[in-house]
>>> print(open('upload34.txt').read())   # compact mmCIF, C-alpha atoms
# COMPACT_ATOMS: atom_id res chain seq x y z
CA ALA A 1 8.49 -3.28 -9.77
CA VAL A 2 8.97 -1.49 -6.45
CA ALA A 3 8.08 -3.79 -3.57
CA GLY A 4 8.57 -1.39 -0.70
CA VAL A 5 10.37 1.57 0.75
CA VAL A 6 12.61 1.89 3.77
CA VAL A 7 11.34 4.40 6.31
CA LEU A 8 14.18 6.75 7.23
CA SER A 9 12.32 9.61 8.88
CA ASN A 10 10.38 9.66 12.13
CA ALA A 11 8.42 12.74 11.08
CA THR A 12 5.24 10.68 11.32
CA SER A 13 6.41 8.46 14.13
CA VAL A 14 3.02 8.66 15.82
CA PHE A 15 1.83 6.39 13.03
CA ALA A 16 4.69 3.93 13.48
CA LEU A 17 3.50 0.37 13.40
CA THR A 18 4.24 -2.32 15.91
CA ASN A 19 7.65 -3.96 15.87
CA GLY A 20 8.00 -6.31 12.94
CA VAL A 21 8.69 -6.42 9.24
CA ARG A 22 6.51 -3.41 8.50
CA GLN A 23 8.80 -1.27 10.63
CA VAL A 24 11.61 -1.96 8.18
CA GLN A 25 9.81 -2.34 4.88
CA ILE A 26 6.44 -0.78 4.15
CA PRO A 27 4.67 -2.10 1.05
CA VAL A 28 3.90 0.67 -1.44
CA ASP A 29 0.93 -1.04 -3.03
CA GLY A 30 1.64 -4.55 -1.85
CA PHE A 31 2.05 -7.53 -4.08
CA THR A 32 -0.81 -8.76 -6.18
CA ASP A 33 -1.71 -12.37 -5.48
CA THR A 34 0.14 -13.42 -8.62
CA GLU A 35 3.27 -11.43 -7.72
CA ALA A 36 3.22 -12.85 -4.19
CA GLY A 37 2.98 -16.38 -5.52
CA GLU A 38 5.84 -15.82 -7.91
CA TYR A 39 7.96 -14.32 -5.13
CA VAL A 40 7.36 -17.21 -2.76
CA VAL A 41 7.94 -19.89 -5.36
CA ASP A 42 10.74 -18.36 -7.42
CA LYS A 43 12.64 -16.29 -4.88
CA CYS A 44 11.99 -18.15 -1.65
CA ALA A 45 11.89 -21.70 -3.02
CA VAL A 46 9.02 -22.67 -0.75
CA LEU A 47 6.12 -24.98 -1.61
CA ASN A 48 7.45 -25.10 -5.11
CA ASP A 49 6.48 -28.54 -6.38
CA PRO A 50 4.13 -27.78 -9.28
CA ASN A 51 2.95 -31.39 -9.29
CA ASP A 52 1.98 -31.49 -5.62
CA PRO A 53 -1.58 -30.24 -5.00
CA ALA A 54 -0.89 -30.00 -1.27
CA ASP A 55 1.96 -27.59 -1.95
CA ARG A 56 -0.17 -25.51 -4.29
CA GLY A 57 -3.10 -25.47 -1.90
CA LEU A 58 -1.07 -24.28 1.08
CA LEU A 59 0.73 -21.66 -0.99
CA GLN A 60 -2.62 -20.33 -2.17
CA ARG A 61 -3.87 -20.15 1.42
CA ILE A 62 -0.82 -18.14 2.47
CA ILE A 63 -1.31 -15.64 -0.35
CA GLU A 64 -5.09 -15.32 -0.09
CA ASP A 65 -5.63 -15.67 3.65
CA ASP A 66 -2.47 -14.46 5.37
CA THR A 67 -0.28 -11.83 3.76
CA THR A 68 1.55 -10.51 0.73
CA VAL A 69 4.05 -8.58 2.86
CA VAL A 70 7.52 -9.46 1.62
CA GLY A 71 9.07 -9.88 5.07
CA ILE A 72 6.46 -12.43 6.14
CA LEU A 73 6.82 -14.37 2.90
CA GLN A 74 10.53 -14.52 3.69
CA THR A 75 9.68 -15.86 7.15
CA TYR A 76 7.65 -18.62 5.55
CA ALA A 77 10.60 -19.38 3.30
CA ARG A 78 12.97 -19.64 6.27
CA THR A 79 10.52 -21.89 8.10
CA TYR A 80 10.37 -24.18 5.08
CA ALA A 81 14.13 -24.21 4.62
CA ASN A 82 14.91 -24.85 8.29
CA ALA A 83 12.36 -27.61 8.82
CA THR A 84 13.82 -31.10 8.92
CA GLY A 85 12.39 -34.08 7.13
CA ASP A 86 10.75 -34.63 3.78
CA ALA A 87 8.50 -32.29 1.81
CA ALA A 88 5.47 -33.26 3.91
CA ALA A 89 7.32 -32.36 7.13
CA LYS A 90 8.42 -29.03 5.70
CA ARG A 91 4.87 -28.31 4.59
CA ALA A 92 3.60 -29.16 8.07
CA ALA A 93 6.02 -26.61 9.58
CA VAL A 94 4.76 -23.95 7.19
CA GLU A 95 1.14 -24.80 7.95
CA ALA A 96 1.81 -24.60 11.68
CA LEU A 97 3.14 -21.05 11.19
CA PHE A 98 0.10 -20.19 9.07
CA ASN A 99 -2.28 -21.45 11.78
CA LYS A 100 -0.36 -19.65 14.53
CA ARG A 101 -0.60 -16.36 12.63
CA ALA A 102 -4.33 -16.88 12.04
CA VAL A 103 -4.91 -17.36 15.78
CA GLU A 104 -2.89 -14.21 16.49
CA ALA A 105 -5.00 -12.29 13.96
CA ASP A 106 -8.22 -13.48 15.62
CA ALA A 107 -6.92 -12.24 18.97
CA SER A 108 -5.87 -8.84 17.60
CA VAL A 109 -9.23 -8.23 15.92
CA LYS A 110 -11.13 -9.39 18.98
CA LYS A 111 -9.19 -7.02 21.25
CA LEU A 112 -9.73 -4.14 18.83
CA LEU A 113 -13.49 -4.80 18.65
CA LYS A 114 -13.69 -4.92 22.46
CA PHE A 115 -11.90 -1.61 22.78
CA GLY A 116 -14.02 0.83 24.76
CA ARG A 117 -13.99 4.30 26.21
CA GLY A 118 -11.44 4.72 28.94
CA VAL A 119 -9.32 1.72 27.98
CA GLU A 120 -6.65 4.00 26.56
CA LYS A 121 -5.65 7.12 28.46
CA GLY A 122 -6.70 10.19 26.54
CA SER A 123 -8.95 8.34 24.10
CA GLU A 124 -12.23 10.08 23.38
CA PHE A 125 -14.00 7.48 21.28
CA ASP A 126 -15.83 4.32 22.14
CA VAL A 127 -16.19 0.79 20.92
CA ALA A 128 -19.07 1.60 18.57
CA GLU A 129 -16.89 3.79 16.36
CA MET A 130 -14.15 1.19 16.16
CA ARG A 131 -16.68 -1.47 15.26
CA LYS A 132 -18.11 0.84 12.61
CA LEU A 133 -14.65 1.22 11.08
CA VAL A 134 -14.12 -2.55 11.00
CA LYS A 135 -17.53 -3.11 9.37
CA MET A 136 -16.86 -0.40 6.79
CA LEU A 137 -13.57 -2.06 5.93
CA LEU A 138 -15.36 -5.38 5.55
CA ASP A 139 -17.85 -3.74 3.17
CA ALA A 140 -15.22 -1.89 1.12
CA PRO A 141 -15.33 -2.88 -2.59
CA ALA A 142 -11.67 -3.92 -2.43
CA PRO A 143 -9.32 -4.31 0.56
CA GLU A 144 -6.81 -1.90 -0.95
CA ASP A 145 -9.47 0.84 -1.06
CA GLY A 146 -9.45 1.29 2.69
CA VAL A 147 -11.80 3.70 4.47
CA SER A 148 -11.37 7.47 4.53
CA ASP A 149 -11.15 9.03 7.97
CA THR A 150 -13.69 11.62 6.78
CA ASP A 151 -16.31 8.85 6.70
CA LEU A 152 -15.98 8.28 10.43
CA ASP A 153 -16.65 10.05 13.70
CA LEU A 154 -13.29 9.02 15.08
CA PRO A 155 -10.98 11.64 16.55
CA ALA A 156 -7.79 12.75 14.84
CA ALA A 157 -5.74 9.86 13.51
CA SER A 158 -2.89 10.83 15.84
CA ASP A 159 -5.23 10.03 18.76
CA VAL A 160 -6.27 6.73 17.22
CA ALA A 161 -2.69 5.65 16.52
CA PRO A 162 -1.91 4.46 20.09
CA VAL A 163 -4.94 2.16 19.95
CA LEU A 164 -3.87 0.67 16.62
CA GLN A 165 -0.36 0.18 17.98
CA LYS A 166 -1.71 -1.77 20.93
CA TYR A 167 -4.22 -3.76 18.87
CA PRO A 168 -2.49 -4.13 15.47
CA ALA A 169 -5.32 -5.29 13.24
CA LEU A 170 -5.63 -2.06 11.26
CA ARG A 171 -3.22 0.60 10.05
CA TYR A 172 -3.55 4.23 9.04
CA ASN A 173 -1.78 5.93 6.15
CA PRO A 174 -1.42 9.68 6.75
CA ASP A 175 -0.61 10.24 3.08
CA THR A 176 -3.99 8.94 1.92
CA SER A 177 -5.90 9.71 5.15
CA ARG A 178 -7.34 6.23 5.05
CA TYR A 179 -7.51 3.19 7.29
CA TYR A 180 -6.55 -0.27 5.99
CA TRP A 181 -6.27 -3.81 7.26
CA TYR A 182 -2.87 -4.43 8.81
CA GLU A 183 -2.59 -7.66 6.82
CA THR A 184 -4.95 -9.92 4.89
CA ARG A 185 -5.10 -12.30 7.84
CA HIS A 186 -6.81 -9.60 9.92
CA ARG A 187 -9.51 -9.13 7.28
CA ARG A 188 -10.03 -12.88 7.26
CA ALA A 189 -10.32 -12.86 11.05
CA ALA A 190 -12.97 -10.12 10.90
CA GLU A 191 -14.81 -12.09 8.22
CA ARG A 192 -14.88 -15.09 10.55
CA PHE A 193 -16.40 -12.97 13.31
CA LYS A 194 -18.99 -11.68 10.83
CA ARG A 195 -19.93 -15.17 9.61
CA ALA A 196 -20.28 -16.31 13.21
CA LYS A 197 -22.58 -13.32 13.84
CA SER A 198 -20.37 -12.31 16.71
CA PRO A 199 -21.85 -9.75 19.11
CA LEU A 200 -18.52 -7.96 18.82
CA LEU A 201 -19.67 -6.61 15.45
CA ARG A 202 -22.99 -5.30 16.70
CA PRO A 203 -23.43 -1.52 17.14
>>> encode(input="upload34.txt", output="structure tokens")
Amino acid sequence: AVAGVVVLSNATSVFALTNGVRQVQIPVDGFTDTEAGEYVVDKCAVLNDPNDPADRGLLQRIIEDDTTVVGILQTYARTYANATGDAAAKRAAVEALFNKRAVEADASVKKLLKFGRGVEKGSEFDVAEMRKLVKMLLDAPAPEDGVSDTDLDLPAASDVAPVLQKYPALRYNPDTSRYYWYETRHRRAAERFKRAKSPLLRP
């Protein structure tokens, strides 16, 4: 199965994502949870003790609450391989990376939700529209469905792109004309804000 494509053209460079693994490899449809688990266990040799519930639990958290992006799964694998000590120590290193990425996701979503008129030069939309987009993504039947830009009062995607580059919690696909979560961890961060009834998600 195709896991991703290498971007060779800058024809849509305005939609380029922030520096990182997505700049090099963009998932076509992403891995399913099962495919991601198989990749991590079989290809990356990380958290691969089938008899250790702690291994299985942490692996499941990575897949369900962080990402299925291949490059990040490889980062987890390197973290596991490079950690010194026994299996528990290696697992602790992986969990520390997981927690660090969750905190980063919280910060990215928070900054995006606080975005307001005038924060970005040339932006002509305000915080209410960005919050509306986040709430629509939270209510989408499935994360991979995304939200069509025709369902929003946001300006042209090319004008929104600089905001998403600065606050990378969401991404836009010009081929489908839809907005998506940048990674699963950002959806989980938004869900935490929603459960906490954060004022950042109010109109």
>>> atom_distance(input="upload34.txt", atom1="CA of Thr184 (chain A)", atom2="CA of Ile62 (chain A)")
9.5 Å
>>> residues_around(input="upload34.txt", residues="Tyr172 (chain A)", least_positions_apart="4", cutoff="9 Å", atoms="all atoms listed in the file", output="list in words")
Phe15, Ala157, Val160, Ala161, Leu164, Thr176, Ser177, Arg178, Tyr179, Tyr180, Trp181 and Tyr182 of chain A
>>> closest_residue(input="upload34.txt", among="A:Val147, A:Val70, A:Leu154, A:Ala96", to="Arg171 (chain A)", atoms="all atoms listed in the file")
A:Val147
>>> atom_distance(input="upload34.txt", atom1="CA of Asp106 (chain A)", atom2="CA of Ala142 (chain A)")
20.7 Å
>>> residues_around(input="upload34.txt", residues="region 136-138 of chain A", least_positions_apart="2", cutoff="8 Å", atoms="all atoms listed in the file", output="list in words")
Lys132, Leu133, Val134, Ala140, Pro143, Gly146, Val147, Tyr180, Trp181, Arg187, Ala190 and Glu191 of chain A
>>> atom_distance(input="upload34.txt", atom1="CA of His186 (chain A)", atom2="CA of Ala169 (chain A)")
5.6 Å
